[in-house]
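Chemist: File entry_17.cif follows (mmCIF, C-alpha atoms and all ligand atoms):
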```
data_coords
loop_
_atom_site.label_atom_id
_atom_site.label_comp_id
_atom_site.auth_asym_id
_atom_site.auth_seq_id
_atom_site.Cartn_x
_atom_site.Cartn_y
_atom_site.Cartn_z
CA MET J 25 -22.34 -13.50 -4.33
CA PHE J 26 -18.89 -13.15 -5.86
CA LEU J 27 -17.21 -12.24 -9.12
CA GLU J 28 -15.38 -15.17 -10.71
CA LYS J 29 -13.83 -13.37 -13.64
CA ILE J 30 -13.99 -10.28 -15.77
CA LYS J 31 -13.16 -9.64 -19.40
CA LEU J 32 -12.44 -6.09 -20.48
CA GLU J 33 -12.37 -4.65 -23.97
CA ASN J 34 -11.45 -0.99 -24.52
CA PHE J 35 -12.12 -0.11 -20.90
CA ARG J 36 -9.98 2.92 -19.98
CA ASN J 37 -6.33 1.78 -20.26
CA TYR J 38 -7.28 -1.92 -20.64
CA SER J 39 -7.45 -2.70 -24.36
CA SER J 40 -8.09 -6.40 -23.91
CA CYS J 41 -7.76 -8.36 -20.71
CA GLU J 42 -9.24 -11.34 -18.88
CA ILE J 43 -8.81 -11.76 -15.14
CA ASP J 44 -9.81 -14.58 -12.77
CA PHE J 45 -10.53 -13.58 -9.20
CA HIS J 46 -10.31 -15.16 -5.79
CA GLU J 47 -13.60 -15.89 -4.10
CA LYS J 48 -12.52 -13.97 -1.00
CA ILE J 49 -9.65 -11.52 -1.18
CA ASN J 50 -8.12 -9.86 -4.22
CA ILE J 51 -5.24 -7.51 -3.59
CA ILE J 52 -4.51 -5.18 -6.48
CA THR J 53 -1.20 -3.36 -6.38
CA GLY J 54 0.99 -1.47 -8.81
CA ASP J 55 2.52 1.94 -9.35
CA ASN J 56 0.44 5.06 -9.77
CA ALA J 57 -1.68 5.46 -12.90
CA GLN J 58 -1.34 1.82 -13.99
CA GLY J 59 -5.06 0.96 -13.85
CA LYS J 60 -5.88 -0.22 -10.31
CA THR J 61 -8.86 2.06 -9.82
CA ASN J 62 -9.86 1.50 -13.46
CA LEU J 63 -10.22 -2.20 -12.69
CA LEU J 64 -12.46 -1.50 -9.68
CA GLU J 65 -14.45 0.90 -11.83
CA SER J 66 -15.03 -1.85 -14.40
CA ILE J 67 -16.36 -4.16 -11.66
CA TYR J 68 -18.65 -1.42 -10.45
CA PHE J 69 -19.74 -0.77 -14.02
CA SER J 70 -20.74 -4.38 -14.51
CA SER J 71 -23.22 -4.08 -11.68
CA PHE J 72 -24.35 -0.44 -11.80
CA ILE J 73 -23.84 0.18 -15.52
CA ARG J 74 -22.27 3.49 -14.67
CA SER J 75 -19.10 4.83 -13.14
CA PHE J 76 -18.49 5.70 -9.51
CA ARG J 77 -15.92 8.32 -10.52
CA THR J 78 -17.53 10.35 -13.25
CA SER J 79 -20.98 11.33 -14.40
CA SER J 80 -19.80 11.11 -17.98
CA ASP J 81 -19.79 7.35 -18.58
CA ARG J 82 -18.30 7.71 -22.06
CA GLU J 83 -14.98 8.67 -20.44
CA MET J 84 -14.61 4.98 -19.66
CA ILE J 85 -14.19 4.06 -23.33
CA SER J 86 -10.48 3.81 -24.19
CA PHE J 87 -9.06 6.85 -25.95
CA GLY J 88 -9.50 6.53 -29.72
CA LYS J 89 -11.94 3.60 -29.54
CA ASP J 90 -15.63 3.70 -30.36
CA HIS J 91 -17.03 1.26 -27.82
CA LEU J 92 -16.24 -0.70 -24.68
CA ARG J 93 -17.33 -4.11 -23.49
CA VAL J 94 -17.23 -5.68 -20.03
CA CYS J 95 -18.15 -9.34 -19.49
CA SER J 96 -18.44 -10.49 -15.89
CA SER J 97 -19.12 -13.93 -14.44
CA PHE J 98 -21.02 -13.54 -11.18
CA SER J 99 -21.48 -16.57 -8.98
CA LYS J 100 -24.84 -16.49 -7.20
CA ASN J 101 -26.35 -19.35 -5.20
CA GLY J 102 -24.02 -21.85 -6.80
CA GLU J 103 -24.79 -20.75 -10.36
CA THR J 104 -22.81 -18.53 -12.69
CA ASP J 105 -24.38 -15.63 -14.57
CA LEU J 106 -22.57 -14.05 -17.46
CA VAL J 107 -23.31 -10.33 -17.54
CA GLU J 108 -22.20 -8.49 -20.65
CA ILE J 109 -22.40 -4.71 -20.95
CA ALA J 110 -21.40 -2.76 -24.02
CA MET J 111 -21.44 0.99 -24.55
CA ASP J 112 -20.72 3.14 -27.60
CA ARG J 113 -19.56 6.77 -27.93
CA SER J 114 -23.15 8.01 -28.04
CA GLY J 115 -23.53 6.59 -24.52
CA ARG J 116 -25.93 3.85 -25.67
CA LYS J 117 -25.64 0.79 -23.48
CA ILE J 118 -26.62 -2.79 -24.16
CA ALA J 119 -26.89 -5.38 -21.41
CA LYS J 120 -27.06 -9.14 -21.85
CA ILE J 121 -27.46 -11.71 -19.11
CA ASN J 122 -26.44 -15.22 -20.15
CA GLY J 123 -26.58 -14.15 -23.78
CA ILE J 124 -30.10 -12.74 -23.60
CA LYS J 125 -30.48 -9.05 -24.28
CA ARG J 126 -32.23 -7.08 -21.53
CA ASP J 127 -34.25 -4.07 -22.54
CA ARG J 128 -34.26 -2.88 -18.97
CA LEU J 129 -30.79 -2.08 -17.65
CA ARG J 130 -32.29 -1.94 -14.18
CA ASP J 131 -32.53 -5.76 -14.17
CA VAL J 132 -28.78 -5.83 -13.89
CA VAL J 133 -28.61 -3.07 -11.28
CA SER J 134 -30.93 -4.86 -8.89
CA ASP J 135 -29.48 -8.35 -9.40
CA TYR J 136 -25.76 -7.88 -8.77
CA TYR J 137 -24.64 -5.78 -5.84
CA VAL J 138 -21.42 -3.94 -5.33
CA VAL J 139 -20.41 -1.48 -2.63
CA VAL J 140 -17.47 0.84 -3.17
CA PHE J 141 -15.48 2.55 -0.46
CA SER J 142 -12.91 5.13 -1.57
CA PRO J 143 -11.16 8.07 0.08
CA GLU J 144 -13.90 10.24 -1.44
CA ASP J 145 -16.45 8.36 0.64
CA MET J 146 -14.55 9.36 3.77
CA LYS J 147 -15.77 12.85 3.03
CA ILE J 148 -19.40 11.84 2.85
CA VAL J 149 -20.14 13.25 6.28
CA LYS J 150 -18.68 16.71 5.64
CA ASP J 151 -19.09 17.24 1.89
CA GLU J 152 -21.90 18.88 -0.04
CA PRO J 153 -25.43 17.44 0.35
CA GLU J 154 -25.24 16.22 -3.25
CA ARG J 155 -22.73 13.54 -2.25
CA ARG J 156 -25.08 12.24 0.43
CA ARG J 157 -28.02 12.27 -1.97
CA ASN J 158 -25.96 10.35 -4.51
CA PHE J 159 -25.15 7.84 -1.82
CA LEU J 160 -28.83 7.41 -1.01
CA ASP J 161 -29.77 7.04 -4.66
CA ARG J 162 -27.02 4.59 -5.46
CA GLU J 163 -27.84 2.31 -2.57
CA ILE J 164 -31.61 2.39 -2.75
CA CYS J 165 -31.53 1.76 -6.51
CA GLN J 166 -29.79 -1.55 -5.80
CA MET J 167 -32.58 -2.55 -3.47
CA SER J 168 -35.69 -1.20 -5.10
CA LEU J 169 -36.75 -1.26 -8.72
CA SER J 170 -39.60 1.14 -8.06
CA TYR J 171 -37.11 3.61 -6.60
CA PHE J 172 -34.89 3.25 -9.65
CA GLU J 173 -37.86 4.00 -11.88
CA SER J 174 -39.24 6.87 -9.82
CA LEU J 175 -35.83 8.48 -9.65
CA ALA J 176 -35.33 8.31 -13.41
CA VAL J 177 -38.78 9.79 -14.08
CA TYR J 178 -38.39 12.42 -11.36
CA LYS J 179 -35.05 13.61 -12.78
CA LYS J 180 -36.50 13.85 -16.26
CA LEU J 181 -39.57 15.76 -15.09
CA LEU J 182 -37.39 18.11 -13.07
CA LEU J 183 -35.22 18.89 -16.09
CA GLN J 184 -38.30 19.53 -18.23
CA ARG J 185 -39.94 21.70 -15.58
CA ASN J 186 -36.77 23.70 -15.05
CA SER J 187 -36.30 24.37 -18.74
CA TYR J 188 -39.98 25.32 -19.10
CA LEU J 189 -39.65 27.72 -16.16
CA LYS J 190 -37.01 29.59 -18.15
CA GLU J 191 -39.36 30.27 -21.06
CA GLU J 192 -40.88 33.71 -21.50
CA LYS J 193 -44.51 32.67 -21.77
CA ILE J 194 -45.65 30.12 -19.25
CA ASP J 195 -48.91 28.22 -19.34
CA GLU J 196 -49.66 27.41 -15.72
CA THR J 197 -51.98 24.54 -16.58
CA LEU J 198 -48.92 22.80 -18.01
CA LEU J 199 -47.08 23.42 -14.77
CA ASP J 200 -50.00 21.86 -12.90
CA ILE J 201 -49.42 18.63 -14.81
CA TRP J 202 -45.70 18.65 -14.10
CA ASP J 203 -46.37 19.33 -10.43
CA GLU J 204 -48.83 16.47 -10.20
CA ASN J 205 -46.31 14.04 -11.66
CA LEU J 206 -43.35 15.40 -9.72
CA ALA J 207 -45.34 15.04 -6.50
CA LYS J 208 -46.22 11.44 -7.37
CA GLU J 209 -42.67 10.28 -8.12
CA GLY J 210 -41.13 12.57 -5.49
CA SER J 211 -43.34 11.13 -2.77
CA ASN J 212 -42.22 7.61 -3.63
CA ILE J 213 -38.62 8.78 -3.43
CA ILE J 214 -39.16 10.43 -0.04
CA ARG J 215 -40.90 7.33 1.37
CA LYS J 216 -38.15 4.98 0.18
CA ARG J 217 -35.38 7.24 1.45
CA LYS J 218 -37.03 7.52 4.86
CA GLY J 219 -37.40 3.73 5.14
CA PHE J 220 -33.82 3.14 3.99
CA VAL J 221 -32.27 5.69 6.35
CA ASP J 222 -34.20 4.38 9.36
CA LYS J 223 -33.00 0.83 8.72
CA LEU J 224 -29.46 1.93 7.96
CA SER J 225 -29.36 4.03 11.10
CA SER J 226 -30.22 1.18 13.43
CA ILE J 227 -27.54 -1.09 11.90
CA SER J 228 -24.97 1.69 11.79
CA GLU J 229 -25.60 2.59 15.43
CA LYS J 230 -24.51 -0.89 16.51
CA ILE J 231 -21.42 -0.81 14.30
CA HIS J 232 -20.41 2.65 15.47
CA GLY J 233 -20.83 1.49 19.07
CA GLY J 234 -18.61 -1.52 18.28
CA ILE J 235 -15.82 0.58 16.78
CA THR J 236 -15.84 3.04 19.69
CA ASP J 237 -16.25 0.34 22.39
CA GLY J 238 -19.64 1.77 23.22
CA SER J 239 -18.36 5.23 24.04
CA GLU J 240 -20.33 6.96 21.26
CA ILE J 241 -23.93 6.66 20.16
CA SER J 242 -24.64 7.51 16.54
CA GLU J 243 -27.79 8.09 14.57
CA ILE J 244 -28.36 8.77 10.89
CA VAL J 245 -31.07 11.34 10.37
CA TYR J 246 -32.94 11.88 7.12
CA CYS J 247 -33.47 15.60 6.45
CA PRO J 248 -36.08 15.79 3.69
CA ASN J 249 -36.71 19.09 1.95
CA ILE J 250 -40.44 18.30 1.90
CA GLU J 251 -41.43 17.21 5.37
CA TRP J 252 -42.01 13.47 5.61
CA ARG J 253 -45.60 12.24 5.93
CA GLU J 254 -46.61 8.70 6.77
CA SER J 255 -49.55 8.67 4.37
CA ASP J 256 -48.70 8.61 0.69
CA GLU J 257 -51.62 10.82 -0.21
CA GLU J 258 -50.76 13.44 2.40
CA GLN J 259 -47.17 13.37 1.18
CA ARG J 260 -48.23 14.05 -2.40
CA GLU J 261 -50.63 16.81 -1.40
CA LEU J 262 -47.99 18.48 0.75
CA PHE J 263 -45.44 18.36 -2.03
CA LYS J 264 -47.93 19.75 -4.55
CA SER J 265 -48.96 22.58 -2.26
CA ILE J 266 -45.32 23.58 -1.70
CA LEU J 267 -44.64 23.54 -5.44
CA LEU J 268 -47.65 25.81 -5.92
CA GLU J 269 -46.63 28.07 -3.07
CA ASN J 270 -43.16 28.51 -4.59
CA ARG J 271 -44.35 28.77 -8.18
CA LYS J 272 -43.84 32.52 -8.58
CA LYS J 273 -40.38 32.27 -7.05
CA ASP J 274 -39.53 29.28 -9.26
CA MET J 275 -40.70 31.18 -12.36
CA MET J 276 -38.51 34.12 -11.38
CA HIS J 277 -35.41 31.99 -10.83
CA GLY J 278 -36.09 29.49 -13.61
CA THR J 279 -35.59 26.50 -11.34
CA THR J 280 -37.55 24.24 -8.97
CA SER J 281 -36.68 25.24 -5.44
CA SER J 282 -38.26 22.41 -3.46
CA GLY J 283 -38.35 18.63 -3.60
CA PRO J 284 -36.26 15.57 -2.80
CA HIS J 285 -33.50 16.90 -5.08
CA LYS J 286 -32.74 19.16 -2.09
CA ASP J 287 -32.75 16.43 0.58
CA ASP J 288 -29.88 15.78 2.95
CA LEU J 289 -28.67 13.41 5.65
CA ASP J 290 -27.02 14.15 8.93
CA ILE J 291 -25.09 11.79 11.16
CA MET J 292 -25.45 12.60 14.81
CA ILE J 293 -22.94 11.43 17.40
CA ASP J 294 -24.21 11.71 20.95
CA GLY J 295 -26.90 14.02 19.62
CA VAL J 296 -24.50 16.43 17.91
CA SER J 297 -24.23 16.91 14.12
CA THR J 298 -21.01 15.25 12.89
CA ARG J 299 -21.18 17.31 9.71
CA LYS J 300 -20.98 20.55 11.69
CA PHE J 301 -19.03 19.59 14.79
CA GLY J 302 -17.47 16.14 14.33
CA SER J 303 -13.73 15.61 14.72
CA GLN J 304 -11.86 13.99 11.83
CA GLY J 305 -11.72 10.70 13.71
CA GLN J 306 -15.46 10.80 14.34
CA GLN J 307 -16.11 11.50 10.66
CA ARG J 308 -14.00 8.51 9.67
CA THR J 309 -15.76 6.26 12.15
CA ALA J 310 -19.11 7.52 10.88
CA ALA J 311 -18.14 6.91 7.22
CA LEU J 312 -16.87 3.41 8.01
CA SER J 313 -19.99 2.55 10.03
CA LEU J 314 -22.14 3.76 7.18
CA LYS J 315 -20.37 1.52 4.65
CA LEU J 316 -20.47 -1.54 6.87
CA ALA J 317 -24.13 -0.87 7.65
CA GLU J 318 -24.84 -0.64 3.93
CA ILE J 319 -23.33 -4.11 3.41
CA GLU J 320 -25.45 -5.58 6.22
CA LEU J 321 -28.57 -3.94 4.89
CA ILE J 322 -28.03 -5.35 1.39
CA LYS J 323 -27.62 -8.77 2.98
CA GLU J 324 -30.89 -8.29 4.90
CA GLU J 325 -32.83 -7.07 1.88
CA LYS J 326 -31.32 -9.28 -0.82
CA GLY J 327 -30.36 -12.34 1.18
CA ASP J 328 -26.78 -12.15 -0.09
CA TYR J 329 -23.67 -10.11 0.65
CA PRO J 330 -22.48 -7.58 -1.93
CA ILE J 331 -18.98 -7.40 -3.35
CA LEU J 332 -16.87 -4.73 -1.66
CA LEU J 333 -14.40 -2.55 -3.52
CA LEU J 334 -11.87 -0.80 -1.28
CA ASP J 335 -10.03 1.77 -3.35
CA ASP J 336 -6.94 3.06 -1.53
CA VAL J 337 -8.92 3.26 1.64
CA LEU J 338 -7.04 0.99 4.04
CA SER J 339 -4.20 3.45 4.49
CA GLU J 340 -6.75 6.06 5.51
CA LEU J 341 -7.87 3.96 8.46
CA ASP J 342 -5.91 3.46 11.66
CA GLU J 343 -5.12 -0.04 12.89
CA LYS J 344 -8.15 -0.30 15.13
CA ARG J 345 -10.57 0.65 12.37
CA GLN J 346 -8.77 -1.58 9.85
CA ARG J 347 -9.07 -4.49 12.25
CA TYR J 348 -12.75 -3.80 12.78
CA LEU J 349 -13.28 -3.69 9.05
CA VAL J 350 -11.60 -7.00 8.26
CA ASP J 351 -13.20 -8.66 11.27
CA HIS J 352 -16.62 -7.85 9.88
CA LEU J 353 -16.10 -8.80 6.28
CA GLU J 354 -15.66 -12.54 6.42
CA HIS J 355 -18.64 -13.14 4.11
CA THR J 356 -17.77 -10.49 1.55
CA GLN J 357 -15.61 -10.79 -1.54
CA LEU J 358 -13.06 -8.02 -1.32
CA PHE J 359 -11.12 -6.10 -3.92
CA ILE J 360 -8.44 -4.01 -2.29
CA THR J 361 -6.24 -1.58 -4.17
CA ALA J 362 -3.12 -0.29 -2.47
CA ALA J 363 0.30 1.01 -3.40
CA GLU J 364 1.83 -1.95 -1.56
CA VAL J 365 0.50 -5.31 -0.40
CA PRO J 366 -1.06 -4.67 3.03
CA GLN J 367 0.80 -7.16 5.24
CA ASP J 368 -1.78 -7.13 8.06
CA ILE J 369 -4.49 -8.16 5.63
CA ILE J 370 -2.34 -10.96 4.20
CA ARG J 371 -1.72 -12.30 7.69
CA TYR J 372 -5.41 -12.12 8.36
CA PHE J 373 -6.46 -13.72 5.11
CA PRO J 374 -3.75 -16.15 4.03
CA GLN J 375 -6.09 -17.28 1.23
CA ASN J 376 -5.92 -14.49 -1.29
CA LYS J 377 -4.91 -13.50 -4.78
CA LYS J 378 -2.45 -10.79 -5.58
CA LEU J 379 -2.67 -8.94 -8.87
CA VAL J 380 0.03 -6.55 -9.98
CA ILE J 381 -1.19 -4.05 -12.55
CA GLU J 382 1.13 -2.53 -15.11
CA LYS J 383 -0.12 -0.25 -17.89
CA GLY J 384 -3.53 -1.86 -18.15
CA THR J 385 -2.28 -5.43 -18.01
CA VAL J 386 -2.08 -7.86 -15.15
CA LYS J 387 1.32 -9.19 -14.15
CA GLY J 388 1.73 -11.90 -11.60
CA GLN J 389 -1.80 -13.32 -11.61
N1 LIG O 1 -10.56 6.49 -21.39
C1 LIG O 1 -9.29 6.17 -21.18
N2 LIG O 1 -8.56 5.55 -22.14
C2 LIG O 1 -7.28 5.21 -21.92
N3 LIG O 1 -6.63 5.43 -20.78
C3 LIG O 1 -7.31 6.03 -19.79
C4 LIG O 1 -8.66 6.42 -19.93
N4 LIG O 1 -9.07 6.99 -18.77
C5 LIG O 1 -8.03 6.96 -17.94
N5 LIG O 1 -6.96 6.40 -18.53
C6 LIG O 1 -5.63 6.20 -17.98
O1 LIG O 1 -5.70 5.40 -16.80
C7 LIG O 1 -4.64 5.79 -15.93
C8 LIG O 1 -5.13 5.92 -14.51
O2 LIG O 1 -5.56 4.69 -14.06
P1 LIG O 1 -6.04 4.49 -12.56
O3 LIG O 1 -6.82 5.65 -12.11
O4 LIG O 1 -6.68 3.16 -12.50
O5 LIG O 1 -4.65 4.48 -11.81
P2 LIG O 1 -4.28 3.78 -10.43
O6 LIG O 1 -3.46 2.58 -10.73
O7 LIG O 1 -5.47 3.61 -9.60
O8 LIG O 1 -3.31 4.89 -9.83
P3 LIG O 1 -3.21 5.51 -8.35
O9 LIG O 1 -2.33 4.58 -7.59
O10 LIG O 1 -2.55 6.82 -8.59
O11 LIG O 1 -4.57 5.63 -7.80
C9 LIG O 1 -4.11 7.12 -16.40
O12 LIG O 1 -2.81 6.94 -16.90
C10 LIG O 1 -5.07 7.53 -17.51
O13 LIG O 1 -4.42 8.19 -18.56
MG MG O 2 -6.29 4.66 -8.00
#
```
Transcribe the structure of this file into structure tokens.

Modeler:
Amino acid sequence: MFLEKIKLENFRNYSSCEIDFHEKINIITGDNAQGKTNLLESIYFSSFIRSFRTSSDREMISFGKDHLRVCSSFSKNGETDLVEIAMDRSGRKIAKINGIKRDRLRDVVSDYYVVVFSPEDMKIVKDEPERRRNFLDREICQMSLSYFESLAVYKKLLLQRNSYLKEEKIDETLLDIWDENLAKEGSNIIRKRKGFVDKLSSISEKIHGGITDGSEISEIVYCPNIEWRESDEEQRELFKSILLENRKKDMMHGTTSSGPHKDDLDIMIDGVSTRKFGSQGQQRTAALSLKLAEIELIKEEKGDYPILLLDDVLSELDEKRQRYLVDHLEHTQLFITAAEVPQDIIRYFPQNKKLVIEKGTVKGQ
């Protein structure tokens, strides 16, 4: 799959702009604050319908404007799909594929795949658990509609339960209903996360071994807050019983203390937690292996490679890791932002397109 072109209207500092892309390598350069990351964000938005930088999507609408529009032409299996997403200041989004309005935004999310790798992702190993949960959610949503749905329902139920827990008078029969539903959606989330992490771990182990010439063995471990159970029913019952067990505590604190919203991941290198003990180099290798594994996994699950957005990340990798990266991305359309054109990459991929961004416009297309 690759992105042929994008048309932006009122997207951050792009008021109106149409850009054709190269099927393989697109190198986006320019001074600071000109709109390089904004462009990657718009590509991400056309597949995920949200930002990878902010949880407040409305920030993407240009200052002083009341809506934004992004039209992307994705080439898939020899055909071109025109994906159009519009959003207004209230945050309402409308998606059209080939001119036909889709009521379910998730159709877009699961049909066009993009992976982003930014300096922030380098911190995935060490940062707060929330970053690793977001990573899980983002990736599994691309692969599974039922995950996308369960996650949305789970988050809504959790918000409702938490606000109810803060009320003075609580009817516990109402809590029983919330717990039943939370356990149902939560169990689906746990099962999907477990399956995803196991698959990702086996791919990532090979990649990590490749980068370190076999000197390190890595494993990604899922650390669920509610212990994982093979049977769906047992999983639900376990979750429900823990919610009940913690009910008094939850009522006291006004929040739900257990569930997949407290899950985490750990990456082990030679059996030792990289989060706790890994060197900086090991953390970088682990983050890179994770990203490359994610790309392979999408290919396995979807039958097609995703688009890869590399935001200012090449300079964070040493030559050996850079080489490993480019060696393993021959099937992937790449968008690389950098302060300067990375000469090694140009030598490696003589077929490429260079875009120089200046104040939300493209010079030298
Ligand atoms: N909603 C918005 N409307 C208009 N302009 C915006 C909006 N949001 C951000 N900007 C502008 O976009 C610019 C930043 O763009 P971007 O983050 O893409 O820079 P960059 O080229 O990636 O820079 P760097 O090399 O520093 O990473 C800032 O000048 C900011 O004011
Ligand atoms: Mg940037």

Chemist: CA of Asn34 in chain J and atom C8 of ligand LIG 1 (chain O) are how many Å apart?

Modeler: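 Rounded to one decimal, the two atoms are 13.7 Å apart.
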
Chemist: Contacts of Arg128 in chain J at 10 Å or less, counting all atoms listed in the file, minus same-chain residues fewer than 5 places along, as a ChimeraX atom specification?

Modeler: /J:118-120,133

Chemist: Residues of chain J within 12 Å of ligand LIG 1 (chain O): nearest atom pair and distance (Å, one decimal) for each, counting all atoms listed in the file, sorted by chain and number, as JSON lines?

Modeler:
```
{"residue": "J:Glu33", "atom": "CA", "partner": "O:LIG1", "partner_atom": "N2", "distance": 11.0}
{"residue": "J:Asn34", "atom": "CA", "partner": "O:LIG1", "partner_atom": "N2", "distance": 7.5}
{"residue": "J:Phe35", "atom": "CA", "partner": "O:LIG1", "partner_atom": "N1", "distance": 6.8}
{"residue": "J:Arg36", "atom": "CA", "partner": "O:LIG1", "partner_atom": "C1", "distance": 3.5}
{"residue": "J:Asn37", "atom": "CA", "partner": "O:LIG1", "partner_atom": "N3", "distance": 3.7}
{"residue": "J:Tyr38", "atom": "CA", "partner": "O:LIG1", "partner_atom": "C2", "distance": 7.2}
{"residue": "J:Ser39", "atom": "CA", "partner": "O:LIG1", "partner_atom": "C2", "distance": 8.3}
{"residue": "J:Ser40", "atom": "CA", "partner": "O:LIG1", "partner_atom": "C2", "distance": 11.8}
{"residue": "J:Ile52", "atom": "CA", "partner": "O:LIG1", "partner_atom": "O6", "distance": 8.9}
{"residue": "J:Thr53", "atom": "CA", "partner": "O:LIG1", "partner_atom": "O6", "distance": 7.7}
{"residue": "J:Gly54", "atom": "CA", "partner": "O:LIG1", "partner_atom": "O6", "distance": 6.3}
{"residue": "J:Asp55", "atom": "CA", "partner": "O:LIG1", "partner_atom": "O9", "distance": 5.8}
{"residue": "J:Asn56", "atom": "CA", "partner": "O:LIG1", "partner_atom": "O9", "distance": 3.6}
{"residue": "J:Ala57", "atom": "CA", "partner": "O:LIG1", "partner_atom": "O5", "distance": 3.3}
{"residue": "J:Gln58", "atom": "CA", "partner": "O:LIG1", "partner_atom": "O6", "distance": 4.0}
{"residue": "J:Gly59", "atom": "CA", "partner": "O:LIG1", "partner_atom": "O4", "distance": 3.0}
{"residue": "J:Lys60", "atom": "CA", "partner": "O:LIG1", "partner_atom": "O6", "distance": 3.7}
{"residue": "J:Thr61", "atom": "CA", "partner": "O:LIG1", "partner_atom": "O4", "distance": 3.6}
{"residue": "J:Asn62", "atom": "CA", "partner": "O:LIG1", "partner_atom": "O4", "distance": 3.7}
{"residue": "J:Leu63", "atom": "CA", "partner": "O:LIG1", "partner_atom": "O4", "distance": 6.4}
{"residue": "J:Leu64", "atom": "CA", "partner": "O:LIG1", "partner_atom": "O4", "distance": 7.9}
{"residue": "J:Glu65", "atom": "CA", "partner": "O:LIG1", "partner_atom": "O4", "distance": 8.1}
{"residue": "J:Ser66", "atom": "CA", "partner": "O:LIG1", "partner_atom": "O4", "distance": 9.9}
{"residue": "J:Ser75", "atom": "CA", "partner": "O:LIG1", "partner_atom": "N4", "distance": 11.7}
{"residue": "J:Phe76", "atom": "CA", "partner": "O:LIG1", "partner_atom": "O3", "distance": 12.0}
{"residue": "J:Arg77", "atom": "CA", "partner": "O:LIG1", "partner_atom": "O3", "distance": 9.6}
{"residue": "J:Thr78", "atom": "CA", "partner": "O:LIG1", "partner_atom": "N4", "distance": 10.6}
{"residue": "J:Ser80", "atom": "CA", "partner": "O:LIG1", "partner_atom": "N1", "distance": 10.9}
{"residue": "J:Asp81", "atom": "CA", "partner": "O:LIG1", "partner_atom": "N1", "distance": 9.7}
{"residue": "J:Arg82", "atom": "CA", "partner": "O:LIG1", "partner_atom": "N1", "distance": 7.9}
{"residue": "J:Glu83", "atom": "CA", "partner": "O:LIG1", "partner_atom": "N1", "distance": 5.0}
{"residue": "J:Met84", "atom": "CA", "partner": "O:LIG1", "partner_atom": "N1", "distance": 4.7}
{"residue": "J:Ile85", "atom": "CA", "partner": "O:LIG1", "partner_atom": "N1", "distance": 4.8}
{"residue": "J:Ser86", "atom": "CA", "partner": "O:LIG1", "partner_atom": "N2", "distance": 3.3}
{"residue": "J:Phe87", "atom": "CA", "partner": "O:LIG1", "partner_atom": "N2", "distance": 4.1}
{"residue": "J:Gly88", "atom": "CA", "partner": "O:LIG1", "partner_atom": "N2", "distance": 7.7}
{"residue": "J:Lys89", "atom": "CA", "partner": "O:LIG1", "partner_atom": "N2", "distance": 8.4}
{"residue": "J:Asp90", "atom": "CA", "partner": "O:LIG1", "partner_atom": "N1", "distance": 10.7}
{"residue": "J:His91", "atom": "CA", "partner": "O:LIG1", "partner_atom": "N1", "distance": 10.5}
{"residue": "J:Leu92", "atom": "CA", "partner": "O:LIG1", "partner_atom": "N1", "distance": 9.7}
{"residue": "J:Arg113", "atom": "CA", "partner": "O:LIG1", "partner_atom": "N1", "distance": 11.1}
{"residue": "J:Ser142", "atom": "CA", "partner": "O:LIG1", "partner_atom": "O11", "distance": 10.4}
{"residue": "J:Pro143", "atom": "CA", "partner": "O:LIG1", "partner_atom": "O11", "distance": 10.6}
{"residue": "J:Leu334", "atom": "CA", "partner": "O:LIG1", "partner_atom": "O7", "distance": 11.4}
{"residue": "J:Asp335", "atom": "CA", "partner": "O:LIG1", "partner_atom": "O7", "distance": 8.0}
{"residue": "J:Asp336", "atom": "CA", "partner": "O:LIG1", "partner_atom": "O11", "distance": 7.2}
{"residue": "J:Val337", "atom": "CA", "partner": "O:LIG1", "partner_atom": "O11", "distance": 10.7}
{"residue": "J:Ile360", "atom": "CA", "partner": "O:LIG1", "partner_atom": "O7", "distance": 11.0}
{"residue": "J:Thr361", "atom": "CA", "partner": "O:LIG1", "partner_atom": "O7", "distance": 7.6}
{"residue": "J:Ala362", "atom": "CA", "partner": "O:LIG1", "partner_atom": "O9", "distance": 7.1}
{"residue": "J:Ala363", "atom": "CA", "partner": "O:LIG1", "partner_atom": "O9", "distance": 6.1}
{"residue": "J:Glu364", "atom": "CA", "partner": "O:LIG1", "partner_atom": "O9", "distance": 9.8}
{"residue": "J:Leu379", "atom": "CA", "partner": "O:LIG1", "partner_atom": "O6", "distance": 11.7}
{"residue": "J:Val380", "atom": "CA", "partner": "O:LIG1", "partner_atom": "O6", "distance": 9.8}
{"residue": "J:Ile381", "atom": "CA", "partner": "O:LIG1", "partner_atom": "O6", "distance": 7.2}
{"residue": "J:Glu382", "atom": "CA", "partner": "O:LIG1", "partner_atom": "O6", "distance": 8.1}
{"residue": "J:Lys383", "atom": "CA", "partner": "O:LIG1", "partner_atom": "O12", "distance": 7.7}
{"residue": "J:Gly384", "atom": "CA", "partner": "O:LIG1", "partner_atom": "O1", "distance": 7.7}
{"residue": "J:Thr385", "atom": "CA", "partner": "O:LIG1", "partner_atom": "O6", "distance": 10.9}
{"residue": "J:Val386", "atom": "CA", "partner": "O:LIG1", "partner_atom": "O6", "distance": 11.4}
```

Chemist: I'd like to know which of J:Lys31, J:Lys48, J:His232, J:Arg130 is closest to Val94 in chain J, using all atoms listed in the file.

Modeler: J:Lys31

Chemist: Could you work out how far CA of Ser303 in chain J lies from CA of His285 in chain J, giving the answer in Å with one decimal?

Modeler: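 Value for the CA of His285 in chain J-CA of Ser303 in chain J distance: 28.0 Å.
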
Chemist: Skipping near chain neighbours, those fewer than 3 positions away, what residues fall within 10 Å of range 346-349 of chain J using only C-alpha atoms, listed as a PyMOL selection string?

Modeler: chain J and resi 231+234-235+312-313+315-316+337-343+352-354+368-369+372
